[in-house]
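Listing of query_32.pdb, PDB, C-alpha atoms and all ligand atoms
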ATOM      1  CA  MET A   1      25.298 -16.090  33.768
ATOM      2  CA  ILE A   2      21.758 -15.732  32.468
ATOM      3  CA  ALA A   3      20.714 -12.221  31.546
ATOM      4  CA  LYS A   4      17.591 -11.014  33.227
ATOM      5  CA  PRO A   5      14.926  -9.517  30.944
ATOM      6  CA  LEU A   6      14.833  -5.755  30.811
ATOM      7  CA  PRO A   7      12.086  -4.010  32.734
ATOM      8  CA  ALA A   8       9.111  -3.182  30.533
ATOM      9  CA  SER A   9       9.751   0.533  30.958
ATOM     10  CA  ILE A  10      13.085   0.401  29.079
ATOM     11  CA  ARG A  11      12.413  -2.599  26.803
ATOM     12  CA  PRO A  12      12.391  -1.708  23.084
ATOM     13  CA  GLN A  13       8.871  -1.230  21.793
ATOM     14  CA  THR A  14       9.534  -3.153  18.626
ATOM     15  CA  ILE A  15       9.109  -6.850  17.993
ATOM     16  CA  PRO A  16      10.932  -8.912  15.382
ATOM     17  CA  ALA A  17       9.145  -8.336  12.107
ATOM     18  CA  ASP A  18       7.319 -11.055  10.208
ATOM     19  CA  LEU A  19       9.124 -10.086   7.012
ATOM     20  CA  PRO A  20       7.394 -10.634   3.678
ATOM     21  CA  LEU A  21       8.790 -13.388   1.479
ATOM     22  CA  THR A  22       8.418 -11.525  -1.809
ATOM     23  CA  VAL A  23       7.829  -8.030  -3.149
ATOM     24  CA  TRP A  24       4.287  -9.114  -4.032
ATOM     25  CA  GLN A  25       3.554 -10.055  -0.439
ATOM     26  CA  ALA A  26       4.875  -6.686   0.727
ATOM     27  CA  MET A  27       2.755  -4.867  -1.882
ATOM     28  CA  LYS A  28      -0.301  -6.904  -0.906
ATOM     29  CA  ARG A  29       0.188  -5.936   2.718
ATOM     30  CA  GLY A  30       0.525  -2.268   1.787
ATOM     31  CA  GLY A  31      -2.471  -2.481  -0.541
ATOM     32  CA  LEU A  32      -4.602  -3.901   2.251
ATOM     33  CA  GLY A  33      -3.631  -1.069   4.595
ATOM     34  CA  CYS A  34      -1.161  -3.102   6.640
ATOM     35  CA  CYS A  35       2.491  -2.418   7.412
ATOM     36  CA  PRO A  36       4.440  -3.829   4.427
ATOM     37  CA  ARG A  37       7.241  -4.977   6.741
ATOM     38  CA  CYS A  38       5.355  -6.766   9.519
ATOM     39  CA  GLY A  39       1.702  -6.875   8.403
ATOM     40  CA  LEU A  40       0.259  -4.902  11.327
ATOM     41  CA  LYS A  41      -3.091  -3.310  10.451
ATOM     42  CA  GLY A  42      -3.543   0.435  10.638
ATOM     43  CA  PHE A  43      -0.889   1.562   8.159
ATOM     44  CA  PHE A  44      -3.098   4.514   7.169
ATOM     45  CA  PRO A  45      -4.460   6.356  10.218
ATOM     46  CA  ARG A  46      -5.862   8.936   7.786
ATOM     47  CA  LEU A  47      -7.095   8.400   4.249
ATOM     48  CA  LEU A  48      -3.806   8.858   2.406
ATOM     49  CA  LYS A  49      -1.317   9.513   5.212
ATOM     50  CA  PRO A  50       0.667   6.486   6.356
ATOM     51  CA  VAL A  51       2.054   6.179   9.858
ATOM     52  CA  ALA A  52       5.459   7.786  10.395
ATOM     53  CA  GLN A  53       6.721   4.702  12.224
ATOM     54  CA  CYS A  54       5.177   1.272  12.673
ATOM     55  CA  ARG A  55       4.327   0.733  16.332
ATOM     56  CA  ALA A  56       5.004  -3.005  16.045
ATOM     57  CA  CYS A  57       8.192  -3.375  13.984
ATOM     58  CA  GLY A  58       9.535   0.177  14.325
ATOM     59  CA  GLN A  59      10.024   0.698  10.568
ATOM     60  CA  ASP A  60      10.373   4.386   9.678
ATOM     61  CA  TRP A  61       7.936   5.096   6.833
ATOM     62  CA  THR A  62       8.808   8.770   6.379
ATOM     63  CA  HIS A  63      11.208   7.887   3.543
ATOM     64  CA  HIS A  64       8.466   7.064   1.053
ATOM     65  CA  ARG A  65       8.008   9.295  -1.984
ATOM     66  CA  ALA A  66       4.836   7.968  -3.567
ATOM     67  CA  ASP A  67       3.985  11.462  -4.888
ATOM     68  CA  ASP A  68       1.678  11.318  -7.937
ATOM     69  CA  PHE A  69       2.144   7.646  -8.754
ATOM     70  CA  PRO A  70      -0.883   6.337  -6.755
ATOM     71  CA  PRO A  71      -3.317   8.595  -8.663
ATOM     72  CA  TYR A  72      -1.749   7.460 -11.961
ATOM     73  CA  VAL A  73      -2.292   3.830 -10.999
ATOM     74  CA  ALA A  74      -5.849   4.489  -9.812
ATOM     75  CA  ILE A  75      -6.716   6.324 -13.032
ATOM     76  CA  ILE A  76      -5.176   3.664 -15.288
ATOM     77  CA  VAL A  77      -6.987   0.814 -13.496
ATOM     78  CA  THR A  78     -10.260   2.744 -13.442
ATOM     79  CA  GLY A  79      -9.974   3.556 -17.133
ATOM     80  CA  HIS A  80      -9.465  -0.073 -18.073
ATOM     81  CA  LEU A  81     -12.328  -1.269 -15.888
ATOM     82  CA  MET A  82     -14.639   1.504 -17.088
ATOM     83  CA  ALA A  83     -14.106   0.807 -20.788
ATOM     84  CA  PRO A  84     -16.660  -2.045 -20.964
ATOM     85  CA  VAL A  85     -19.116  -0.016 -18.891
ATOM     86  CA  MET A  86     -18.765   2.915 -21.273
ATOM     87  CA  ILE A  87     -19.297   0.640 -24.291
ATOM     88  CA  VAL A  88     -22.476  -0.786 -22.771
ATOM     89  CA  LEU A  89     -23.736   2.658 -21.850
ATOM     90  CA  ALA A  90     -22.935   4.073 -25.287
ATOM     91  CA  SER A  91     -24.625   1.204 -27.123
ATOM     92  CA  ASN A  92     -27.852   1.532 -25.154
ATOM     93  CA  GLN A  93     -30.054   4.030 -27.007
ATOM     94  CA  SER A  94     -32.861   4.023 -24.424
ATOM     95  CA  ILE A  95     -30.778   5.871 -21.809
ATOM     96  CA  SER A  96     -30.424   9.622 -22.164
ATOM     97  CA  LEU A  97     -27.004  11.177 -22.582
ATOM     98  CA  GLY A  98     -27.258  13.009 -19.247
ATOM     99  CA  VAL A  99     -27.949   9.790 -17.343
ATOM    100  CA  LYS A 100     -25.098   8.021 -19.139
ATOM    101  CA  MET A 101     -22.681  10.778 -18.226
ATOM    102  CA  ALA A 102     -23.870  10.920 -14.622
ATOM    103  CA  VAL A 103     -23.536   7.156 -14.173
ATOM    104  CA  ALA A 104     -20.078   7.064 -15.765
ATOM    105  CA  VAL A 105     -18.738  10.017 -13.782
ATOM    106  CA  VAL A 106     -20.056   8.737 -10.454
ATOM    107  CA  ILE A 107     -18.730   5.194 -10.993
ATOM    108  CA  ALA A 108     -15.325   6.465 -12.154
ATOM    109  CA  ALA A 109     -15.000   8.895  -9.237
ATOM    110  CA  LEU A 110     -15.917   6.207  -6.700
ATOM    111  CA  MET A 111     -13.489   3.720  -8.232
ATOM    112  CA  ILE A 112     -10.612   6.216  -8.205
ATOM    113  CA  ALA A 113     -11.358   7.177  -4.606
ATOM    114  CA  ALA A 114     -11.482   3.518  -3.584
ATOM    115  CA  LEU A 115      -8.206   2.685  -5.356
ATOM    116  CA  LEU A 116      -6.067   5.579  -4.122
ATOM    117  CA  GLN A 117      -5.196   4.206  -0.697
ATOM    118  CA  PRO A 118      -4.462   0.617  -1.847
ATOM    119  CA  ALA A 119      -2.310   1.980  -4.682
ATOM    120  CA  LYS A 120      -0.367   4.199  -2.287
ATOM    121  CA  GLY A 121       0.182   1.353   0.166
ATOM    122  CA  ALA A 122       1.434  -0.949  -2.569
ATOM    123  CA  ILE A 123       3.758   1.719  -3.992
ATOM    124  CA  ILE A 124       5.233   2.506  -0.575
ATOM    125  CA  ALA A 125       5.828  -1.222  -0.106
ATOM    126  CA  LEU A 126       7.520  -1.395  -3.511
ATOM    127  CA  GLN A 127       9.808   1.524  -2.605
ATOM    128  CA  TRP A 128      10.659  -0.068   0.760
ATOM    129  CA  TRP A 129      11.376  -3.462  -0.824
ATOM    130  CA  ASN A 130      13.762  -1.916  -3.340
ATOM    131  CA  GLY A 131      15.464   0.407  -0.844
ATOM    132  CA  MET A 132      14.365   3.566  -2.645
ATOM    133  CA  HIS A 133      14.450   7.070  -1.142
ATOM    134  CA  GLY A 134      16.268   6.256   2.084
ATOM    135  CA  PHE A 135      14.683   2.901   2.872
ATOM    136  CA  LEU A 136      17.977   1.313   3.861
ATOM    137  CA  PRO A 137      18.451  -1.529   4.377
ATOM    138  CA  SER A 138      15.894  -2.419   1.749
ATOM    139  CA  GLY A 139      13.153  -4.910   2.501
ATOM    140  CA  ARG A 140      14.774  -7.259  -0.013
ATOM    141  CA  ASP A 141      18.063  -7.112   1.902
ATOM    142  CA  GLU A 142      16.301  -7.723   5.214
ATOM    143  CA  ALA A 143      14.471 -10.721   3.757
ATOM    144  CA  ALA A 144      17.729 -12.108   2.367
ATOM    145  CA  VAL A 145      19.427 -11.763   5.767
ATOM    146  CA  ALA A 146      16.448 -13.471   7.389
ATOM    147  CA  GLY A 147      16.867 -16.385   4.976
ATOM    148  CA  HIS A 148      14.005 -15.640   2.668
ATOM    149  CA  PRO A 149      14.476 -15.883  -1.087
ATOM    150  CA  GLU A 150      14.354 -12.678  -3.018
ATOM    151  CA  GLY A 151      11.099 -11.990  -4.790
TER     152      GLY A 151
HETATM  153 ZN    ZN A 201       5.474  -2.906  10.926
END
This structure in structure tokens:
Amino acid sequence: MIAKPLPASIRPQTIPADLPLTVWQAMKRGGLGCCPRCGLKGFFPRLLKPVAQCRACGQDWTHHRADDFPPYVAIIVTGHLMAPVMIVLASNQSISLGVKMAVAVVIAALMIAALLQPAKGAIIALQWWNGMHGFLPSGRDEAAVAGHPEG
């Protein structure tokens, strides 16, 4: 006997996920604002608040505990990228100190603001992949079951 498909009204709203092959692919998806598990866009409906549940794959994202780690990452990356800019600004004697400070502060603030969401997405993906904070089964386990190599 062939089973008839369920009516759309009671069919599950999730589709099989296009699981990432490696942790790096999951982190890239999260960093680009996509669901780390299936790659659907719109992982962050608000600036730093991820969706509670992916509307495509059904993954529950309320288990993440990114906390203060995204700002740490954003500050570390910004500091390393700003070092050459600060050296150039400091070595140029024709620019006043006030202008140097204003340029450095504005660039650093913009870079940190731009890096916060990608850092948070990547960190949430890392936590999901490793099964941290209630993400069970972990993304790594799901990928292994699906036949993907661990990354
Ligand atoms: Zn998803």
Within 10 Å of range 87-92 of chain A using only C-alpha atoms, minus same-chain residues under 4 positions, as a PyMOL selection string: chain A and resi 82-83+96-97+99-101+103-104
Exercise for review: Choose the residue, out of A:Arg46, A:His63, A:Pro70, A:Ala125, that has the smallest atom-to-atom separation from ligand ZN 201 (chain A); count only C-alpha atoms and all ligand atoms.
Suggested key: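 Checking each candidate against ligand ZN 201 (chain A), we get A:Ala125 as the closest.
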**OP:** Write out as JSON, numbers by chain each polymer residue whose atoms come within 9 Å of Leu126 in chain A, counting all atoms listed in the file; drop sequence neighbours fewer than 6 positions from it.
**Re:** {"A": [23, 24, 26, 27, 30, 36, 132, 139]}
Once the PyMOL selection byres (((chain A and resi 124) around 9) and not hetatm) has been evaluated on this model, what residues remain selected, and can you format them as a PyMOL selection string?
chain A and resi 27+30+36+61+64-66+119-123+125-129
With all atoms listed in the file as the basis for distance, which of A:Leu136, A:Ile95, A:Ala144, A:Val77 is at the shortest distance from Met111 in chain A?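 Using all atoms listed in the file, Met111 in chain A sits closest to A:Val77.
When all atoms listed in the file are used to measure the gap to ligand ZN 201 (chain A), the shortest distance among A:Ile112, A:Val85, A:Leu21, A:Leu40 belongs to A:Leu40.
Interatomic distance, CA of Cys38 in chain A against CA of Gln59 in chain A: 8.9 Å.
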Would you give me, as a Markdown table, each residue of chain A having an atom within 12 Å of an atom of ligand ZN 201 (chain A), along with its shortest atom pair and that distance in Å to one decimal, using all atoms listed in the file and sorting by chain and residue number?
| residue | atom | partner | partner_atom | distance |
| --- | --- | --- | --- | --- |
| A:Gln13 | CA | A:ZN201 | ZN | 11.5 |
| A:Thr14 | CA | A:ZN201 | ZN | 8.7 |
| A:Ile15 | CA | A:ZN201 | ZN | 8.9 |
| A:Pro16 | CA | A:ZN201 | ZN | 9.3 |
| A:Ala17 | CA | A:ZN201 | ZN | 6.7 |
| A:Asp18 | CA | A:ZN201 | ZN | 8.4 |
| A:Leu19 | CA | A:ZN201 | ZN | 9.0 |
| A:Pro20 | CA | A:ZN201 | ZN | 10.8 |
| A:Ala26 | CA | A:ZN201 | ZN | 10.9 |
| A:Arg29 | CA | A:ZN201 | ZN | 10.2 |
| A:Gly30 | CA | A:ZN201 | ZN | 10.4 |
| A:Gly33 | CA | A:ZN201 | ZN | 11.2 |
| A:Cys34 | CA | A:ZN201 | ZN | 7.9 |
| A:Cys35 | CA | A:ZN201 | ZN | 4.6 |
| A:Pro36 | CA | A:ZN201 | ZN | 6.6 |
| A:Arg37 | CA | A:ZN201 | ZN | 5.0 |
| A:Cys38 | CA | A:ZN201 | ZN | 4.1 |
| A:Gly39 | CA | A:ZN201 | ZN | 6.0 |
| A:Leu40 | CA | A:ZN201 | ZN | 5.6 |
| A:Lys41 | CA | A:ZN201 | ZN | 8.6 |
| A:Gly42 | CA | A:ZN201 | ZN | 9.6 |
| A:Phe43 | CA | A:ZN201 | ZN | 8.3 |
| A:Phe44 | CA | A:ZN201 | ZN | 11.9 |
| A:Pro50 | CA | A:ZN201 | ZN | 11.5 |
| A:Val51 | CA | A:ZN201 | ZN | 9.8 |
| A:Ala52 | CA | A:ZN201 | ZN | 10.7 |
| A:Gln53 | CA | A:ZN201 | ZN | 7.8 |
| A:Cys54 | CA | A:ZN201 | ZN | 4.5 |
| A:Arg55 | CA | A:ZN201 | ZN | 6.6 |
| A:Ala56 | CA | A:ZN201 | ZN | 5.1 |
| A:Cys57 | CA | A:ZN201 | ZN | 4.1 |
| A:Gly58 | CA | A:ZN201 | ZN | 6.1 |
| A:Gln59 | CA | A:ZN201 | ZN | 5.8 |
| A:Asp60 | CA | A:ZN201 | ZN | 8.9 |
| A:Trp61 | CA | A:ZN201 | ZN | 9.3 |
| A:Ala125 | CA | A:ZN201 | ZN | 11.2 |
| A:Trp128 | CA | A:ZN201 | ZN | 11.8 |
| A:Gly139 | CA | A:ZN201 | ZN | 11.6 |
